[in-house]
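Okay, my_file-v9.cif now, which holds mmCIF, C-alpha atoms:
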```cif
data_input
#
loop_
_atom_site.group_PDB
_atom_site.id
_atom_site.type_symbol
_atom_site.label_atom_id
_atom_site.label_comp_id
_atom_site.auth_asym_id
_atom_site.auth_seq_id
_atom_site.Cartn_x
_atom_site.Cartn_y
_atom_site.Cartn_z
ATOM 1 C CA MET A 1 -4.941 8.818 21.703
ATOM 2 C CA ILE A 2 -1.829 8.003 23.722
ATOM 3 C CA CYS A 3 0.240 5.178 22.310
ATOM 4 C CA GLU A 4 2.430 2.912 24.388
ATOM 5 C CA LYS A 5 3.935 1.114 21.424
ATOM 6 C CA LYS A 6 7.619 0.386 21.673
ATOM 7 C CA GLY A 7 8.357 -0.732 18.087
ATOM 8 C CA GLY A 8 7.063 -2.190 14.859
ATOM 9 C CA GLY A 9 5.361 0.977 13.650
ATOM 10 C CA ALA A 10 7.230 0.993 10.334
ATOM 11 C CA PHE A 11 4.766 -1.498 8.851
ATOM 12 C CA ALA A 12 1.830 0.709 9.824
ATOM 13 C CA VAL A 13 3.567 3.743 8.320
ATOM 14 C CA LEU A 14 3.935 1.838 5.028
ATOM 15 C CA SER A 15 0.166 1.274 4.965
ATOM 16 C CA ILE A 16 -0.512 4.958 5.614
ATOM 17 C CA LEU A 17 1.964 5.906 2.868
ATOM 18 C CA ALA A 18 0.312 3.442 0.474
ATOM 19 C CA ALA A 19 -3.112 5.043 0.889
ATOM 20 C CA SER A 20 -1.778 8.608 0.880
ATOM 21 C CA LEU A 21 0.367 8.211 -2.236
ATOM 22 C CA PHE A 22 -2.399 6.450 -4.125
ATOM 23 C CA PHE A 23 -4.897 9.182 -3.297
ATOM 24 C CA VAL A 24 -2.500 12.021 -4.202
ATOM 25 C CA LEU A 25 -1.507 10.407 -7.510
ATOM 26 C CA MET A 26 -5.149 9.681 -8.357
ATOM 27 C CA ILE A 27 -6.014 13.354 -7.738
ATOM 28 C CA LEU A 28 -3.066 14.363 -9.970
ATOM 29 C CA ALA A 29 -4.341 12.054 -12.714
ATOM 30 C CA ILE A 30 -7.840 13.533 -12.432
ATOM 31 C CA ALA A 31 -6.475 17.088 -12.514
ATOM 32 C CA ASP A 32 -4.322 16.301 -15.561
ATOM 33 C CA ALA A 33 -7.154 14.691 -17.576
ATOM 34 C CA PRO A 34 -9.342 17.517 -18.922
ATOM 35 C CA GLY A 35 -11.816 15.171 -20.640
ATOM 36 C CA TRP A 36 -12.514 12.987 -17.610
ATOM 37 C CA VAL A 37 -15.814 13.796 -15.856
ATOM 38 C CA PHE A 38 -16.393 12.820 -12.229
ATOM 39 C CA GLY A 39 -19.355 10.478 -11.833
ATOM 40 C CA GLU A 40 -19.729 9.881 -15.572
ATOM 41 C CA ASP A 41 -16.440 8.317 -16.675
ATOM 42 C CA LEU A 42 -14.964 5.131 -15.258
ATOM 43 C CA ILE A 43 -11.568 5.068 -13.561
ATOM 44 C CA GLU A 44 -10.400 2.740 -16.360
ATOM 45 C CA ALA A 45 -10.907 5.613 -18.830
ATOM 46 C CA LEU A 46 -8.618 7.732 -16.688
ATOM 47 C CA ALA A 47 -5.991 4.980 -16.551
ATOM 48 C CA ALA A 48 -6.067 4.615 -20.349
ATOM 49 C CA SER A 49 -5.620 8.370 -20.967
ATOM 50 C CA ASP A 50 -2.361 10.313 -21.240
ATOM 51 C CA SER A 51 -2.517 11.220 -17.554
ATOM 52 C CA GLY A 52 -2.948 7.550 -16.668
ATOM 53 C CA VAL A 53 0.755 7.356 -15.830
ATOM 54 C CA TYR A 54 -0.044 9.068 -12.523
ATOM 55 C CA LEU A 55 -2.820 6.630 -11.712
ATOM 56 C CA ARG A 56 -0.838 3.560 -12.778
ATOM 57 C CA SER A 57 2.160 4.754 -10.751
ATOM 58 C CA GLY A 58 -0.077 5.313 -7.753
ATOM 59 C CA ILE A 59 -1.590 1.860 -8.080
ATOM 60 C CA ALA A 60 1.809 0.155 -8.423
ATOM 61 C CA ILE A 61 3.506 2.060 -5.594
ATOM 62 C CA SER A 62 0.576 1.685 -3.233
ATOM 63 C CA GLY A 63 0.333 -2.032 -4.034
ATOM 64 C CA ILE A 64 3.983 -2.564 -3.137
ATOM 65 C CA LEU A 65 3.710 -0.495 0.046
ATOM 66 C CA LEU A 66 0.462 -2.203 1.056
ATOM 67 C CA ALA A 67 2.002 -5.647 0.564
ATOM 68 C CA PHE A 68 5.019 -4.780 2.724
ATOM 69 C CA GLY A 69 2.888 -2.920 5.278
ATOM 70 C CA SER A 70 0.761 -6.026 5.762
ATOM 71 C CA ILE A 71 3.717 -7.973 7.133
ATOM 72 C CA GLY A 72 3.205 -6.295 10.501
ATOM 73 C CA MET A 73 -0.355 -7.632 10.685
ATOM 74 C CA ILE A 74 0.657 -11.181 9.826
ATOM 75 C CA PHE A 75 3.239 -11.529 12.586
ATOM 76 C CA ASN A 76 1.512 -9.541 15.333
ATOM 77 C CA GLY A 77 0.363 -11.843 18.082
ATOM 78 C CA GLY A 78 -1.128 -14.772 16.233
ATOM 79 C CA ARG A 79 -4.705 -13.465 16.310
ATOM 80 C CA PRO A 80 -6.559 -15.246 13.498
ATOM 81 C CA GLY A 81 -8.531 -12.200 12.310
ATOM 82 C CA ARG A 82 -5.470 -9.956 12.245
ATOM 83 C CA THR A 83 -3.372 -12.600 10.479
ATOM 84 C CA ALA A 84 -6.096 -13.193 7.868
ATOM 85 C CA GLU A 85 -6.403 -9.439 7.332
ATOM 86 C CA GLY A 86 -2.660 -9.163 6.791
ATOM 87 C CA VAL A 87 -2.485 -12.077 4.354
ATOM 88 C CA LEU A 88 -5.477 -10.805 2.375
ATOM 89 C CA LEU A 89 -4.095 -7.260 2.208
ATOM 90 C CA MET A 90 -0.729 -8.621 1.090
ATOM 91 C CA ILE A 91 -2.459 -10.504 -1.719
ATOM 92 C CA SER A 92 -4.433 -7.344 -2.593
ATOM 93 C CA GLY A 93 -1.200 -5.351 -2.754
ATOM 94 C CA ILE A 94 0.461 -7.857 -5.066
ATOM 95 C CA LEU A 95 -2.620 -7.944 -7.288
ATOM 96 C CA LEU A 96 -2.702 -4.129 -7.392
ATOM 97 C CA VAL A 97 0.770 -4.207 -8.933
ATOM 98 C CA TRP A 98 -0.594 -6.567 -11.591
ATOM 99 C CA VAL A 99 -3.489 -4.179 -12.236
ATOM 100 C CA ALA A 100 -1.001 -1.360 -12.805
ATOM 101 C CA PHE A 101 1.285 -3.262 -15.164
ATOM 102 C CA PHE A 102 -1.253 -4.962 -17.422
ATOM 103 C CA GLU A 103 -3.279 -2.965 -19.947
ATOM 104 C CA ASN A 104 -7.025 -2.418 -19.479
ATOM 105 C CA ASP A 105 -7.970 -4.762 -22.335
ATOM 106 C CA ASP A 106 -5.794 -7.609 -21.031
ATOM 107 C CA PRO A 107 -7.717 -10.460 -19.323
ATOM 108 C CA ILE A 108 -5.069 -10.594 -16.573
ATOM 109 C CA HIS A 109 -5.876 -6.963 -15.713
ATOM 110 C CA ASP A 110 -9.585 -7.747 -15.368
ATOM 111 C CA ALA A 111 -8.980 -10.909 -13.329
ATOM 112 C CA ALA A 112 -6.526 -9.111 -11.037
ATOM 113 C CA LEU A 113 -8.997 -6.253 -10.522
ATOM 114 C CA ILE A 114 -11.774 -8.662 -9.537
ATOM 115 C CA LEU A 115 -9.427 -10.523 -7.176
ATOM 116 C CA VAL A 116 -8.276 -7.216 -5.601
ATOM 117 C CA PHE A 117 -11.885 -6.382 -4.889
ATOM 118 C CA MET A 118 -12.644 -9.819 -3.443
ATOM 119 C CA THR A 119 -9.540 -10.033 -1.248
ATOM 120 C CA PHE A 120 -10.055 -6.468 -0.031
ATOM 121 C CA VAL A 121 -13.655 -7.173 1.003
ATOM 122 C CA LEU A 122 -12.514 -10.351 2.777
ATOM 123 C CA ALA A 123 -9.802 -8.289 4.545
ATOM 124 C CA LEU A 124 -12.519 -5.868 5.701
ATOM 125 C CA ILE A 125 -14.527 -8.757 7.114
ATOM 126 C CA ALA A 126 -11.462 -10.268 8.841
ATOM 127 C CA SER A 127 -10.643 -6.846 10.267
ATOM 128 C CA ALA A 128 -14.156 -6.397 11.655
ATOM 129 C CA TYR A 129 -13.997 -9.881 13.179
ATOM 130 C CA ASP A 130 -10.675 -9.058 14.847
ATOM 131 C CA ASP A 131 -11.903 -5.709 16.153
ATOM 132 C CA PHE A 132 -15.157 -7.035 17.579
ATOM 133 C CA ALA A 133 -13.583 -10.170 19.089
ATOM 134 C CA GLU A 134 -13.258 -9.647 22.834
ATOM 135 C CA ASN A 135 -14.359 -5.996 22.335
ATOM 136 C CA ARG A 136 -10.838 -5.256 21.183
ATOM 137 C CA SER A 137 -11.454 -2.095 19.144
ATOM 138 C CA MET A 138 -15.082 -1.133 18.756
ATOM 139 C CA MET A 139 -14.278 2.241 17.159
ATOM 140 C CA PHE A 140 -12.208 0.794 14.299
ATOM 141 C CA GLY A 141 -14.574 -2.147 13.885
ATOM 142 C CA SER A 142 -17.536 0.214 13.603
ATOM 143 C CA LEU A 143 -15.673 2.280 11.013
ATOM 144 C CA THR A 144 -14.980 -0.884 9.014
ATOM 145 C CA VAL A 145 -18.631 -1.930 9.077
ATOM 146 C CA LEU A 146 -19.778 1.603 8.192
ATOM 147 C CA LEU A 147 -17.436 1.793 5.185
ATOM 148 C CA LEU A 148 -18.438 -1.685 4.037
ATOM 149 C CA VAL A 149 -22.160 -0.854 4.255
ATOM 150 C CA ALA A 150 -21.645 2.512 2.511
ATOM 151 C CA SER A 151 -19.685 0.837 -0.277
ATOM 152 C CA ILE A 152 -22.290 -1.877 -0.804
ATOM 153 C CA GLY A 153 -25.014 0.770 -0.668
ATOM 154 C CA ALA A 154 -23.191 2.788 -3.330
ATOM 155 C CA TYR A 155 -23.026 -0.327 -5.490
ATOM 156 C CA ALA A 156 -26.799 -0.719 -5.178
ATOM 157 C CA ALA A 157 -27.677 2.972 -5.570
ATOM 158 C CA TYR A 158 -25.285 4.395 -8.172
ATOM 159 C CA GLY A 159 -23.912 3.594 -11.572
ATOM 160 C CA PRO A 160 -20.470 2.042 -12.063
ATOM 161 C CA ALA A 161 -18.642 5.364 -12.448
ATOM 162 C CA MET A 162 -19.865 6.650 -9.105
ATOM 163 C CA TYR A 163 -19.572 3.507 -7.009
ATOM 164 C CA GLN A 164 -15.970 3.032 -8.193
ATOM 165 C CA VAL A 165 -15.108 6.379 -6.659
ATOM 166 C CA VAL A 166 -17.007 5.561 -3.449
ATOM 167 C CA TRP A 167 -15.164 2.231 -3.140
ATOM 168 C CA ILE A 168 -11.791 3.890 -3.717
ATOM 169 C CA VAL A 169 -12.406 6.632 -1.143
ATOM 170 C CA ALA A 170 -13.695 4.065 1.380
ATOM 171 C CA ALA A 171 -10.626 1.872 0.789
ATOM 172 C CA VAL A 172 -8.251 4.812 1.271
ATOM 173 C CA ILE A 173 -9.980 5.852 4.505
ATOM 174 C CA TRP A 174 -9.948 2.267 5.794
ATOM 175 C CA VAL A 175 -6.281 1.597 5.007
ATOM 176 C CA MET A 176 -5.268 4.879 6.654
ATOM 177 C CA ALA A 177 -7.374 4.104 9.729
ATOM 178 C CA ARG A 178 -5.859 0.631 9.986
ATOM 179 C CA GLY A 179 -2.396 2.167 9.713
ATOM 180 C CA VAL A 180 -3.169 4.572 12.545
ATOM 181 C CA LYS A 181 -4.490 1.659 14.605
ATOM 182 C CA GLY A 182 -1.294 -0.257 13.832
ATOM 183 C CA LEU A 183 0.792 2.647 15.086
ATOM 184 C CA CYS A 184 -0.906 2.580 18.464
ATOM 185 C CA GLU A 185 -1.524 -1.145 18.887
ATOM 186 C CA PRO A 186 0.984 -2.824 21.188
ATOM 187 C CA THR A 187 3.303 -5.195 19.408
ATOM 188 C CA ILE A 188 3.960 -8.736 20.529
ATOM 189 C CA TYR A 189 7.219 -9.294 18.664
ATOM 190 C CA LYS A 190 9.742 -11.327 20.598
ATOM 191 C CA ARG A 191 12.941 -9.327 21.055
ATOM 192 C CA LYS A 192 16.184 -10.808 22.250
#
```
Rewrite the structure from the file as structure tokens, please.
Amino acid sequence: MICEKKGGGAFAVLSILAASLFFVLMILAIADAPGWVFGEDLIEALAASDSGVYLRSGIAISGILLAFGSIGMIFNGGRPGRTAEGVLLMISGILLVWVAFFENDDPIHDAALILVFMTFVLALIASAYDDFAENRSMMFGSLTVLLLVASIGAYAAYGPAMYQVVWIVAAVIWVMARGVKGLCEPTIYKRK
């Protein structure tokens, strides 16, 4: 892929960093928790354990980076789907910070987690709309639809412990792919 972008890639890099750091810190938390079993234990059990500091740090840092990385989507050309995606991802990032700072038994934690899920799914839908509008980016739009269908299928086919992991991996892949797309998408910022 040859990019002709002249500027504005810092926002896309923040999104890629958000997904990468979250994934690395989640893997560190899993490696540090000897009692946590993949596919049997919920992610909340990992966050409540002694190694949960890695996961909570990953959630907080990635939420901040995702919120700032979304600024590039909001002010890039005035396309309604791209703007909606940016606003929804910014809200998801802010809510992720809430998820990290409030304890698992706190009602604010649960409400923020549900709202992260809802705003993230809406961002996926806005992204697919933007990609398929005027055949703008069929490859990234198809990836978005594939990840959304796989995540919903995991919800229907597996128990909560497994579909949480599927949703997290799908979200990491999607945010990284959107960051790569943002690196190569031409910017429409007005420069003086």
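Note that CA of Ala47 (chain A) and CA of Asp32 (chain A) are 11.5 Å apart.
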Can you pull out every residue within 10 Å of Glu44 (chain A), counting all atoms listed in the file, but drop anything in the same chain fewer than 2 positions away, and send it as a PDB file with C-alpha atoms, in the coordinates of the input?
```pdb
ATOM      1  CA  ASP A  41     -16.440   8.317 -16.675  1.00  0.00           C
ATOM      2  CA  LEU A  42     -14.964   5.131 -15.258  1.00  0.00           C
ATOM      3  CA  LEU A  46      -8.618   7.732 -16.688  1.00  0.00           C
ATOM      4  CA  ALA A  47      -5.991   4.980 -16.551  1.00  0.00           C
ATOM      5  CA  ALA A  48      -6.067   4.615 -20.349  1.00  0.00           C
ATOM      6  CA  SER A  49      -5.620   8.370 -20.967  1.00  0.00           C
ATOM      7  CA  GLY A  52      -2.948   7.550 -16.668  1.00  0.00           C
ATOM      8  CA  LEU A  55      -2.820   6.630 -11.712  1.00  0.00           C
ATOM      9  CA  GLU A 103      -3.279  -2.965 -19.947  1.00  0.00           C
ATOM     10  CA  ASN A 104      -7.025  -2.418 -19.479  1.00  0.00           C
ATOM     11  CA  ASP A 105      -7.970  -4.762 -22.335  1.00  0.00           C
ATOM     12  CA  ALA A 161     -18.642   5.364 -12.448  1.00  0.00           C
ATOM     13  CA  GLN A 164     -15.970   3.032  -8.193  1.00  0.00           C
TER      14      GLN A 164
END
```
Please tell me which residues are no farther than 12 Å from (-19.0, -2.5, 11.9) in the file, counting only C-alpha atoms, and write them as a short mmCIF file (atom, residue, chain, number, x, y, z; two decimals) with C-alpha atoms, in the frame of the given file.
```cif
data_model
loop_
_atom_site.label_atom_id
_atom_site.label_comp_id
_atom_site.auth_asym_id
_atom_site.auth_seq_id
_atom_site.Cartn_x
_atom_site.Cartn_y
_atom_site.Cartn_z
CA LEU A 124 -12.52 -5.87 5.70
CA ILE A 125 -14.53 -8.76 7.11
CA ALA A 126 -11.46 -10.27 8.84
CA SER A 127 -10.64 -6.85 10.27
CA ALA A 128 -14.16 -6.40 11.66
CA TYR A 129 -14.00 -9.88 13.18
CA ASP A 130 -10.68 -9.06 14.85
CA ASP A 131 -11.90 -5.71 16.15
CA PHE A 132 -15.16 -7.04 17.58
CA ALA A 133 -13.58 -10.17 19.09
CA ASN A 135 -14.36 -6.00 22.34
CA SER A 137 -11.45 -2.10 19.14
CA MET A 138 -15.08 -1.13 18.76
CA MET A 139 -14.28 2.24 17.16
CA PHE A 140 -12.21 0.79 14.30
CA GLY A 141 -14.57 -2.15 13.88
CA SER A 142 -17.54 0.21 13.60
CA LEU A 143 -15.67 2.28 11.01
CA THR A 144 -14.98 -0.88 9.01
CA VAL A 145 -18.63 -1.93 9.08
CA LEU A 146 -19.78 1.60 8.19
CA LEU A 147 -17.44 1.79 5.18
CA LEU A 148 -18.44 -1.68 4.04
CA VAL A 149 -22.16 -0.85 4.26
CA ALA A 150 -21.64 2.51 2.51
CA TRP A 174 -9.95 2.27 5.79
#
```
Q.
Using all atoms listed in the file, can you tell me which of A:Leu17, A:Leu66, A:Ala33, A:Ile43 comes closest to Val165 (chain A)?
A. A:Ile43
Q: Go through the shown structure with the PyMOL selection byres ((chain A and resi 84) around 9) and write out the matching residues as number ranges by chain.
A: A: 73-74, 79-83, 85-89, 122-123, 126-127
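Compared by their closest atoms to Leu25 (chain A), and using all atoms listed in the file, the residues A:Val53, A:Val97, A:Ala10, A:Met176 rank with A:Val53 nearest.
Using only C-alpha atoms, the shortest contact distance between Ala29 (chain A) and any of A:Phe101, A:Tyr163, A:Tyr54, A:Phe120 is found at A:Tyr54.
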(Q) With all atoms listed in the file as the counted atoms, please give the residues lying no more than 9 Å from Ser62 (chain A), apart from itself and same-chain residues fewer than 6 positions off, as a PyMOL selection string. (A) chain A and resi 14-15+17-22+93+96-97
Q. By how many Å are CA of Pro160 (chain A) and CA of Asp110 (chain A) apart?
A. 15.0 Å
Q | Spatial neighbours of Ala100 (chain A), max dist 9 Å, only C-alpha atoms, sep filter under 6 positions, as a list in words | A | Ala47, Leu55, Arg56, Ser57, Gly58, Ile59, Ala60, Gly63 and His109 of chain A
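Among the candidate residues A:Ala112, A:Met162, A:Ile71, A:Met118, the one lying nearest to Ala12 (chain A) is A:Ile71, with distances computed using all atoms listed in the file.
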